[in-house]
Structure formats: C-alpha cells, structure tokens
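File shown: entry_29.tsv. Contents: TSV, C-alpha atoms.
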chain	number	residue	atom	x	y	z
A	1	MET	CA	18.03	-3.35	62.92
A	2	ILE	CA	16.54	-4.50	59.65
A	3	SER	CA	17.32	-2.33	56.62
A	4	ASN	CA	15.22	-2.60	53.47
A	5	LYS	CA	17.32	-1.33	50.54
A	6	LYS	CA	15.03	-2.62	47.80
A	7	PRO	CA	13.20	0.72	47.27
A	8	LEU	CA	16.55	2.51	47.01
A	9	TYR	CA	17.87	0.05	44.41
A	10	PHE	CA	14.60	0.23	42.45
A	11	PHE	CA	14.80	4.05	42.45
A	12	LEU	CA	18.40	3.98	41.18
A	13	VAL	CA	17.52	1.55	38.36
A	14	VAL	CA	14.56	3.71	37.26
A	15	LEU	CA	16.74	6.83	37.41
A	16	ALA	CA	19.41	5.15	35.27
A	17	LEU	CA	16.84	4.05	32.68
A	18	LEU	CA	15.30	7.52	32.43
A	19	GLY	CA	18.73	9.05	32.03
A	20	ALA	CA	19.45	6.74	29.10
A	21	CYS	CA	16.38	7.88	27.15
A	22	THR	CA	16.82	10.38	24.35
A	23	LYS	CA	14.37	12.24	22.16
A	24	GLN	CA	14.02	10.46	18.83
A	25	HIS	CA	14.17	12.45	15.62
A	26	GLY	CA	13.21	11.18	12.22
A	27	LEU	CA	11.01	11.60	9.22
A	28	GLY	CA	7.68	9.99	8.81
A	29	PRO	CA	4.12	10.77	7.87
A	30	ASN	CA	3.39	12.28	11.29
A	31	TYR	CA	6.31	14.72	11.41
A	32	LYS	CA	5.16	18.19	10.39
A	33	ASP	CA	8.49	19.87	11.16
A	34	TYR	CA	10.34	18.43	8.16
A	35	THR	CA	12.44	20.99	6.31
A	36	PRO	CA	14.65	20.54	3.26
A	37	GLY	CA	17.77	18.58	4.08
A	38	PRO	CA	20.91	17.95	2.06
A	39	ASN	CA	18.96	17.35	-1.16
A	40	PRO	CA	20.59	19.71	-3.68
A	41	VAL	CA	17.26	20.65	-5.29
A	42	THR	CA	14.68	22.58	-3.27
A	43	VAL	CA	11.20	23.90	-4.00
A	44	THR	CA	11.64	27.62	-3.44
A	45	ASN	CA	7.94	28.49	-3.56
A	46	ALA	CA	6.81	25.80	-1.09
A	47	VAL	CA	4.34	27.14	1.45
A	48	ASP	CA	4.50	24.14	3.77
A	49	TYR	CA	6.09	20.72	4.26
A	50	ARG	CA	3.42	18.03	4.74
A	51	PRO	CA	6.05	16.30	4.95
A	52	ASP	CA	6.90	16.88	1.27
A	53	PRO	CA	7.18	20.43	-0.10
A	54	THR	CA	3.69	21.75	-0.77
A	55	VAL	CA	2.53	24.47	-3.16
A	56	THR	CA	-0.99	25.83	-3.43
A	57	ALA	CA	-3.45	26.19	-6.28
A	58	SER	CA	-6.67	28.15	-6.15
A	59	LEU	CA	-9.81	26.41	-7.35
A	60	GLY	CA	-11.23	29.82	-8.24
A	61	GLY	CA	-9.63	32.24	-10.66
A	62	ASP	CA	-6.84	30.94	-12.87
A	63	SER	CA	-6.24	27.73	-10.85
A	64	SER	CA	-2.57	27.72	-11.83
A	65	ILE	CA	-0.02	25.39	-10.27
A	66	THR	CA	3.53	26.73	-10.19
A	67	ILE	CA	6.50	24.76	-8.88
A	68	THR	CA	9.94	26.39	-8.83
A	69	LEU	CA	12.90	24.05	-8.34
A	70	THR	CA	16.31	25.49	-7.52
A	71	LEU	CA	19.68	23.79	-7.32
A	72	ASN	CA	21.58	24.81	-4.18
A	73	SER	CA	24.79	26.71	-4.80
A	74	THR	CA	26.62	24.21	-2.57
A	75	ALA	CA	25.91	21.39	-5.03
A	76	GLY	CA	28.94	22.29	-7.16
A	77	ARG	CA	27.00	21.72	-10.39
A	78	SER	CA	24.51	23.65	-12.46
A	79	MET	CA	21.02	22.64	-13.52
A	80	LYS	CA	20.53	21.98	-17.23
A	81	GLU	CA	16.83	21.02	-17.40
A	82	ALA	CA	13.85	19.29	-15.87
A	83	THR	CA	13.92	16.33	-18.23
A	84	HIS	CA	10.70	14.69	-17.09
A	85	VAL	CA	7.70	15.61	-14.94
A	86	ILE	CA	4.95	13.22	-13.91
A	87	GLY	CA	1.98	13.19	-11.55
A	88	SER	CA	1.97	9.94	-9.62
A	89	GLY	CA	1.68	8.28	-6.26
A	90	SER	CA	5.22	6.86	-6.31
A	91	TYR	CA	8.75	7.38	-7.60
A	92	ALA	CA	8.45	4.32	-9.84
A	93	ALA	CA	6.68	6.31	-12.57
A	94	ILE	CA	9.36	9.03	-12.94
A	95	GLU	CA	12.10	6.39	-13.11
A	96	ASN	CA	10.29	4.35	-15.78
A	97	PRO	CA	11.24	5.44	-19.32
A	98	LEU	CA	7.96	3.98	-20.64
A	99	SER	CA	5.81	6.31	-18.51
A	100	LYS	CA	3.60	8.94	-20.11
A	101	PHE	CA	5.27	12.11	-18.84
A	102	TYR	CA	3.41	15.34	-18.10
A	103	ASN	CA	5.77	17.45	-20.19
A	104	ALA	CA	6.35	16.75	-23.88
A	105	ALA	CA	9.75	18.48	-23.96
A	106	PRO	CA	12.36	19.17	-21.27
A	107	LEU	CA	11.98	22.42	-19.31
A	108	ALA	CA	15.17	24.46	-19.72
A	109	ALA	CA	16.81	25.76	-16.57
A	110	SER	CA	17.90	29.34	-16.05
A	111	ASN	CA	20.14	30.55	-13.18
A	112	ASN	CA	20.12	27.06	-11.61
A	113	SER	CA	16.34	27.13	-11.45
A	114	VAL	CA	13.43	25.75	-13.42
A	115	THR	CA	9.75	26.65	-13.12
A	116	PHE	CA	7.00	24.18	-13.96
A	117	THR	CA	3.58	25.70	-14.56
A	118	THR	CA	0.28	23.97	-15.20
A	119	SER	CA	-3.31	24.30	-14.02
A	120	VAL	CA	-5.79	22.23	-12.08
A	121	ALA	CA	-7.85	21.83	-15.28
A	122	GLU	CA	-4.83	20.55	-17.25
A	123	TYR	CA	-3.95	18.20	-14.38
A	124	PHE	CA	-7.41	16.60	-14.66
A	125	GLN	CA	-7.11	16.40	-18.45
A	126	LYS	CA	-3.95	14.34	-18.03
A	127	TYR	CA	-5.19	12.42	-14.98
A	128	PRO	CA	-8.99	12.10	-15.24
A	129	VAL	CA	-11.18	11.97	-12.15
A	130	SER	CA	-11.40	8.43	-10.79
A	131	SER	CA	-11.65	6.67	-7.45
A	132	ALA	CA	-7.86	6.90	-7.15
A	133	ASN	CA	-7.80	10.54	-8.32
A	134	PRO	CA	-10.89	12.28	-6.88
A	135	LYS	CA	-12.18	15.68	-7.98
A	136	ALA	CA	-10.33	18.65	-6.47
A	137	THR	CA	-11.94	20.08	-3.35
A	138	PRO	CA	-10.93	23.05	-1.17
A	139	ASN	CA	-8.32	22.39	1.52
A	140	VAL	CA	-7.49	18.94	0.15
A	141	GLU	CA	-4.34	17.92	-1.73
A	142	LEU	CA	-4.44	16.55	-5.25
A	143	ALA	CA	-4.12	12.76	-5.17
A	144	ASN	CA	-0.96	12.69	-7.28
A	145	ARG	CA	2.30	14.34	-6.31
A	146	PHE	CA	4.53	15.88	-8.96
A	147	TYR	CA	7.83	14.08	-9.47
A	148	PHE	CA	10.73	15.58	-11.39
A	149	GLN	CA	13.81	14.22	-13.12
A	150	ILE	CA	16.48	16.94	-13.17
A	151	THR	CA	19.50	16.69	-15.45
A	152	LEU	CA	22.63	18.55	-14.37
A	153	ASP	CA	25.34	20.07	-16.57
A	154	ASP	CA	27.51	16.95	-16.32
A	155	GLY	CA	24.65	14.67	-17.41
A	156	SER	CA	23.96	13.30	-13.94
A	157	VAL	CA	20.35	12.93	-12.88
A	158	VAL	CA	18.71	14.07	-9.65
A	159	TYR	CA	15.25	13.07	-8.41
A	160	PRO	CA	14.20	15.73	-5.91
A	161	THR	CA	11.54	15.31	-3.25
A	162	PRO	CA	8.04	15.02	-4.75
A	163	VAL	CA	5.83	18.10	-4.57
A	164	ARG	CA	2.29	18.14	-3.20
A	165	VAL	CA	-0.42	20.52	-4.40
A	166	LEU	CA	-2.93	21.83	-1.86
A	167	CYS	CA	-6.13	23.18	-3.42
A	168	LEU	CA	-7.51	26.34	-1.83
A	169	PRO	CA	-10.99	27.81	-2.31

Could you show the structure in this file as structure tokens?
Amino acid sequence: MISNKKPLYFFLVVLALLGACTKQHGLGPNYKDYTPGPNPVTVTNAVDYRPDPTVTASLGGDSSITITLTLNSTAGRSMKEATHVIGSGSYAAIENPLSKFYNAAPLAASNNSVTFTTSVAEYFQKYPVSSANPKATPNVELANRFYFQITLDDGSVVYPTPVRVLCLP
C-alpha cells in the first residue's frame, strides 16, 4: 500500500503558520481609531482623531477656533503656561526659538488647563493663502496644524500632539 503523506504535512505547516499570525496594532496615517495615549497633555474639546486631535471651525458665523489643552492629573505636575503656539506642517517650527510664533505672550494656565482661541480670518492673516496653504473650504482641514510648547510648574517643557482644524460650512 502506498501512502501519500505530503498533503497532510502541507496542511500542518499551513495551520502552524496561520496560528503564528497576530493582528498588528500601530499608529499611522491610515489608522482612524487612534485615541490619546500616555501623553500627559490632551485636547479636551477634540471632536475626532484624524489621527491627531481635531477641532472644528465654522466658515460661517464667527469662524472661531478654540483649542483646550489639559494636563492629566496622573502627570504629577501642574501646567504653568502655553509658552509658544505656531501653525506649521512639522514639529521643527515649534522647537526653533527663531520661529515667528502665533502668540505674542505666553497663555497662562488655570486648573491645569489652557485655552487657545483664534479665528480662521486671523489664521490667514498670519499664514496668507498660498499653494502650500490654500484657502479654507468646507469639510477640509487647514493646511497647518497647531503646535504647542507647554511649560510645567517645574520648568520642564512638553510638546503635545499637534492639533488639526477641520473647517465646516
């Protein structure tokens, strides 16, 4: 009697390989399910994570942009101020002391929180319309994200996740 065990061995190898596979988790531009992690500063008025925290601004009405940053109580420190704010496409600008910052003076924190308020009109005064920074349109994010430098009570500095602004009609 001739026994062909090749299909059985092939099946066992495939079964072992499938059993070794695991679902991969990570962060990247295509992951919509990102939520705030261990970063001690969160955006409490974020409406979405795309993957960065996202706030909205209406193109009609007052067109205000409000970003509220809060230091988690588990951080063991307290927030002193938002020292610098900048609209940019990368972290390099907020970390460069020669940058032209959005705010002229630090924004004082209260109850471990700081609120930054501006408008779409002021944003375009500071960052004029260009090919790299197109005019605001409904259901499209502003080209620049807002980056913050937060100073804590002990003088240490935190750079929280950048904040996106989605323009609504």

Could you pull the residues within 9 Å of Gln149 in chain A, counting all atoms listed in the file, minus those fewer than 2 positions along the same chain, as a PDB file with C-alpha atoms, in the coordinates of the input?
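Ended up saving to around-v4.pdb:
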ATOM      1  CA  GLU A  81      16.830  21.020 -17.400  1.00  0.00           C
ATOM      2  CA  ALA A  82      13.850  19.290 -15.870  1.00  0.00           C
ATOM      3  CA  THR A  83      13.920  16.330 -18.230  1.00  0.00           C
ATOM      4  CA  HIS A  84      10.700  14.690 -17.090  1.00  0.00           C
ATOM      5  CA  VAL A  85       7.700  15.610 -14.940  1.00  0.00           C
ATOM      6  CA  ILE A  86       4.950  13.220 -13.910  1.00  0.00           C
ATOM      7  CA  ILE A  94       9.360   9.030 -12.940  1.00  0.00           C
ATOM      8  CA  GLU A  95      12.100   6.390 -13.110  1.00  0.00           C
ATOM      9  CA  TYR A 147       7.830  14.080  -9.470  1.00  0.00           C
ATOM     10  CA  THR A 151      19.500  16.690 -15.450  1.00  0.00           C
ATOM     11  CA  VAL A 157      20.350  12.930 -12.880  1.00  0.00           C
ATOM     12  CA  VAL A 158      18.710  14.070  -9.650  1.00  0.00           C
ATOM     13  CA  TYR A 159      15.250  13.070  -8.410  1.00  0.00           C
ATOM     14  CA  PRO A 160      14.200  15.730  -5.910  1.00  0.00           C
TER      15      PRO A 160
END

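Proximity to Ala109 in chain A was assessed for A:Leu142, A:Leu168, A:Ile150, A:Ala121 counting all atoms listed in the file; the smallest distance is recorded for A:Ile150.
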
| request: Within 10 Å of Arg77 in chain A, counting all atoms listed in the file, which residues show up once you throw out same-chain ones fewer than 6 positions away? Write them as a ChimeraX atom specification, please. | output: /A:40,71,112,152-154,156

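For the residues A:Ala75, A:Thr70, A:Lys135, A:Ala92, ranking by smallest atom-to-atom distance to Asn111 in chain A using only C-alpha atoms places A:Thr70 first.
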
Let me have the centre and edge lengths in Å, one decimal, of the box along x, y and z around every listed atom of range 39-55 of chain A with 3 Å of margin on each side, as AutoDock Vina command-line options.
--center_x 11.6 --center_y 22.4 --center_z -0.2 --size_x 24.1 --size_y 18.2 --size_z 16.2

| remark: CA of Arg50 in chain A sits from CA of Lys100 in chain A at a separation of 26.5 Å

| task | Tell me, in Å to one decimal, how far CA of Lys80 in chain A is from CA of Asn45 in chain A. | result | 19.7 Å

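Coordinates place CA of Ser88 in chain A at a distance of 9.3 Å from CA of Tyr127 in chain A.
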
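Selecting by distance to (-8.3, 6.6, -9.1) with a limit of 12 Å and using only C-alpha atoms, one obtains Ser88, Gly89, Phe124, Tyr127, Pro128, Val129, Ser130, Ser131, Ala132, Asn133, Pro134, Lys135, Leu142, Ala143 and Asn144 of chain A.
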
| request: Could you give me, as a PyMOL selection string, the residues that sit within 7 Å of (-11.6, 24.5, 0.8) in the file's coordinates, counting all atoms listed in the file? | output: chain A and resi 137-140+168-169

Output C-alpha atoms for every residue in the selection just made, as a PDB file, in the coordinates of the input.
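The result, written out as selection-v2.pdb:
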ATOM      1  CA  THR A 137     -11.940  20.080  -3.350  1.00  0.00           C
ATOM      2  CA  PRO A 138     -10.930  23.050  -1.170  1.00  0.00           C
ATOM      3  CA  ASN A 139      -8.320  22.390   1.520  1.00  0.00           C
ATOM      4  CA  VAL A 140      -7.490  18.940   0.150  1.00  0.00           C
ATOM      5  CA  LEU A 168      -7.510  26.340  -1.830  1.00  0.00           C
ATOM      6  CA  PRO A 169     -10.990  27.810  -2.310  1.00  0.00           C
TER       7      PRO A 169
END

| message | I want to know what sits within 7 Å of range 59-64 of chain A, based on only C-alpha atoms, with residues of the same chain fewer than 2 positions away left out; could you give that as a PyMOL selection string? | response | chain A and resi 57+66+118-120+167-169

| said: Could you list, as a ChimeraX atom specification, every residue within 10 Å of Val43 in chain A, counting all atoms listed in the file and ignoring same-chain residues fewer than 3 positions away? | reply: /A:36,46-47,52-55,67-71,113-115,160-163

Just to be explicit: take each residue in the selection above, keep C-alpha atoms, and write the result as an mmCIF file, keeping the file's coordinate frame.
data_model
loop_
_atom_site.group_PDB
_atom_site.id
_atom_site.type_symbol
_atom_site.label_atom_id
_atom_site.label_comp_id
_atom_site.auth_asym_id
_atom_site.auth_seq_id
_atom_site.Cartn_x
_atom_site.Cartn_y
_atom_site.Cartn_z
ATOM 1 C CA PRO A 36 14.650 20.540 3.260
ATOM 2 C CA ALA A 46 6.810 25.800 -1.090
ATOM 3 C CA VAL A 47 4.340 27.140 1.450
ATOM 4 C CA ASP A 52 6.900 16.880 1.270
ATOM 5 C CA PRO A 53 7.180 20.430 -0.100
ATOM 6 C CA THR A 54 3.690 21.750 -0.770
ATOM 7 C CA VAL A 55 2.530 24.470 -3.160
ATOM 8 C CA ILE A 67 6.500 24.760 -8.880
ATOM 9 C CA THR A 68 9.940 26.390 -8.830
ATOM 10 C CA LEU A 69 12.900 24.050 -8.340
ATOM 11 C CA THR A 70 16.310 25.490 -7.520
ATOM 12 C CA LEU A 71 19.680 23.790 -7.320
ATOM 13 C CA SER A 113 16.340 27.130 -11.450
ATOM 14 C CA VAL A 114 13.430 25.750 -13.420
ATOM 15 C CA THR A 115 9.750 26.650 -13.120
ATOM 16 C CA PRO A 160 14.200 15.730 -5.910
ATOM 17 C CA THR A 161 11.540 15.310 -3.250
ATOM 18 C CA PRO A 162 8.040 15.020 -4.750
ATOM 19 C CA VAL A 163 5.830 18.100 -4.570
#

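Nearest to Lys126 in chain A of all the residues A:Phe101, A:Lys6, A:Ser110, A:Glu141 is A:Phe101, based on only C-alpha atoms.
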
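If you measure from each of A:Ile65, A:Gly76, A:Ala16, A:Ala105 to Thr117 in chain A using all atoms listed in the file, the closest one turns out to be A:Ile65.
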
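For the set A:Ala108, A:Met79, A:Leu8, A:Val13, the residue with the smallest atom-to-atom gap to Gly155 in chain A is A:Met79, counting all atoms listed in the file.
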